[in-house]
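Structure record follows, encoded as structure tokens.
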Amino acid sequence: INPSQQVLFSDEMRFGLWGQVRRRWGLRGVKIIQPIQIEFAWEYLVLAVDVRRCQLHWAWAKRMNQSSLMPIFEAWSPDAVIWDGASAHRGKAMGEVGFERLFLLPYSPELNPCERVFEWLRARIEGEVYATLQRKRCEIEHHLRRLNADKGHLKSLIGWAWIQDA
């Protein structure tokens with residue numbers, strides 16, 4: 001893979017209306033009560049990180065399977081994608097999309113910069129109650145747009161020297 005090619009790290013994050021409790025600051029001796037939402041509704045954020053160009057790409061999928069992912073990657077048209085070994089990533093049909101697939105070691109999310117972005121994103125969206133799944137998606141979109149525009153902050157999350165050297 002030469003430097004002019006587009007190489008993307010990619011992964012998916014499931015998000016939905018099944019709320020997550022997050023740590024909150026409060027007064028000593030005063031019980032904090034957090035509203036929790038329990039609703040079986042979710043979607044997937046498909047995220048790709050271009051470390052060389054310090055850029056994020058994202059799309060939305062109803063399911064995490066090859067038929068949902070293929071149109072997304074066809075639209076992005078990368079030269080290579082680095083991701084984990086999920087079955088949708090390893091499928092035969094996905095291999096015919098036209099990019100080189102490189103797989104990370106099993107059980108090694110720390111090697112994928114997408115995981116850092118997901119961690120940053122979850123800290124901003126979880127612990128809140130959203131009226132609809134669409135509303136939560138809009139909130140995620142807002143944060144991703146802000147992060148993509150702030151190259152300094154994005155680089156601090158994804159621009160590790162050892163990834164750029166590799």
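Chain labels run A, B, ... following the order of the structure tokens; each chain numbers its residues from 1, and ligands are numbered from 1 in the order shown.
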
DSSP strand (DSSP E or B) residues within segment 29-145 of chain A, listed as a compact mmCIF listing (two decimals) with C-alpha atoms, in the first residue's frame:
```txt
# COMPACT_ATOMS: atom_id res chain seq x y z
CA TRP A 42 -31.07 0.32 17.77
CA GLU A 43 -28.98 1.07 14.70
CA TYR A 44 -25.31 0.92 13.81
CA LEU A 45 -22.85 3.71 13.26
CA VAL A 46 -20.34 2.58 10.62
CA LEU A 47 -17.20 4.61 11.20
CA ALA A 48 -14.03 4.80 9.13
CA VAL A 49 -10.92 6.69 10.20
CA ASP A 50 -8.38 7.91 7.68
CA GLN A 55 -10.51 12.51 8.62
CA LEU A 56 -13.63 10.62 9.67
CA HIS A 57 -16.20 8.99 7.41
CA TRP A 58 -19.46 7.64 8.78
CA ALA A 59 -22.73 6.14 7.70
CA TRP A 60 -25.74 4.48 9.29
CA ALA A 61 -26.89 0.87 8.99
CA ALA A 80 -7.75 -0.84 1.81
CA VAL A 81 -9.72 -1.30 5.03
CA ILE A 82 -8.24 -2.38 8.35
CA TRP A 83 -10.77 -3.85 10.75
CA GLU A 100 -7.87 -4.91 0.17
CA ARG A 101 -8.99 -6.22 3.55
CA LEU A 102 -6.52 -6.28 6.43
CA PHE A 103 -7.57 -7.82 9.72
```

Contacts of segment 105-121 of chain A at 8 Å (only C-alpha atoms; same-chain gap of 5+ positions) as a PDB file with N, CA and C atoms, in the first residue's frame:
```
ATOM      1  N   PHE A   9      -9.229   2.682   8.701  1.00  0.00           N
ATOM      2  CA  PHE A   9      -9.541   1.808   9.821  1.00  0.00           C
ATOM      3  C   PHE A   9     -11.051   1.894   9.977  1.00  0.00           C
ATOM      4  N   SER A  10     -11.718   0.785  10.209  1.00  0.00           N
ATOM      5  CA  SER A  10     -13.166   0.844  10.292  1.00  0.00           C
ATOM      6  C   SER A  10     -13.695  -0.078  11.388  1.00  0.00           C
ATOM      7  N   ASP A  11     -14.868   0.279  11.886  1.00  0.00           N
ATOM      8  CA  ASP A  11     -15.579  -0.540  12.869  1.00  0.00           C
ATOM      9  C   ASP A  11     -17.002  -0.018  12.972  1.00  0.00           C
ATOM     10  N   MET A  13     -20.418   0.692  15.667  1.00  0.00           N
ATOM     11  CA  MET A  13     -20.877   0.887  17.044  1.00  0.00           C
ATOM     12  C   MET A  13     -22.400   0.794  17.053  1.00  0.00           C
ATOM     13  N   LEU A  47     -18.204   3.545  11.145  1.00  0.00           N
ATOM     14  CA  LEU A  47     -17.199   4.606  11.197  1.00  0.00           C
ATOM     15  C   LEU A  47     -15.925   4.152  10.503  1.00  0.00           C
ATOM     16  N   ALA A  48     -15.326   5.050   9.742  1.00  0.00           N
ATOM     17  CA  ALA A  48     -14.025   4.805   9.128  1.00  0.00           C
ATOM     18  C   ALA A  48     -13.125   5.985   9.461  1.00  0.00           C
ATOM     19  N   VAL A  49     -11.900   5.677   9.827  1.00  0.00           N
ATOM     20  CA  VAL A  49     -10.919   6.689  10.200  1.00  0.00           C
ATOM     21  C   VAL A  49      -9.775   6.643   9.193  1.00  0.00           C
ATOM     22  N   TRP A  83      -9.710  -3.684   9.768  1.00  0.00           N
ATOM     23  CA  TRP A  83     -10.773  -3.845  10.746  1.00  0.00           C
ATOM     24  C   TRP A  83     -10.658  -5.166  11.479  1.00  0.00           C
ATOM     25  N   ASP A  84     -11.583  -5.406  12.400  1.00  0.00           N
ATOM     26  CA  ASP A  84     -11.538  -6.631  13.189  1.00  0.00           C
ATOM     27  C   ASP A  84     -12.085  -7.798  12.365  1.00  0.00           C
ATOM     28  N   GLY A  85     -12.148  -8.949  12.972  1.00  0.00           N
ATOM     29  CA  GLY A  85     -12.539 -10.152  12.253  1.00  0.00           C
ATOM     30  C   GLY A  85     -14.010 -10.504  12.340  1.00  0.00           C
ATOM     31  N   ILE A 140     -25.417  12.173  17.674  1.00  0.00           N
ATOM     32  CA  ILE A 140     -24.159  11.538  17.282  1.00  0.00           C
ATOM     33  C   ILE A 140     -23.568  12.264  16.076  1.00  0.00           C
ATOM     34  N   HIS A 143     -21.912  15.543  17.058  1.00  0.00           N
ATOM     35  CA  HIS A 143     -20.606  15.370  17.700  1.00  0.00           C
ATOM     36  C   HIS A 143     -19.544  14.930  16.696  1.00  0.00           C
ATOM     37  N   LEU A 144     -19.898  14.055  15.761  1.00  0.00           N
ATOM     38  CA  LEU A 144     -18.932  13.611  14.757  1.00  0.00           C
ATOM     39  C   LEU A 144     -18.516  14.759  13.838  1.00  0.00           C
ATOM     40  N   LEU A 157      -6.801  11.964  19.204  1.00  0.00           N
ATOM     41  CA  LEU A 157      -7.503  10.692  19.406  1.00  0.00           C
ATOM     42  C   LEU A 157      -6.983   9.583  18.497  1.00  0.00           C
ATOM     43  N   ILE A 158      -6.695   9.900  17.239  1.00  0.00           N
ATOM     44  CA  ILE A 158      -6.390   8.854  16.258  1.00  0.00           C
ATOM     45  C   ILE A 158      -4.968   8.871  15.731  1.00  0.00           C
TER      46      ILE A 158
END
```

Could you tell me how far atom CA of Glu126 of chain A sits from atom CA of Ile33 of chain A, in Å to one decimal place?
14.9 Å

Interatomic distance, atom CA of Phe40 of chain A to atom CA of Thr132 of chain A (Å, one decimal):
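So the answer is 11.4 Å.
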
Can you pull out every residue within 10 Å of Gly159 of chain A, counting only C-alpha atoms, but drop anything in the same chain fewer than 4 positions away, and send it as a count of residues only?
12

May I ask for the distance between atom CA of Gly127 of chain A and atom CA of Asn148 of chain A, given in Å to one decimal place?
23.1 Å

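Each of A:Phe73, A:Arg90, A:Ile38, A:Leu133 was checked against Val7 of chain A using only C-alpha atoms; the smallest atom-to-atom distance is that of A:Phe73.
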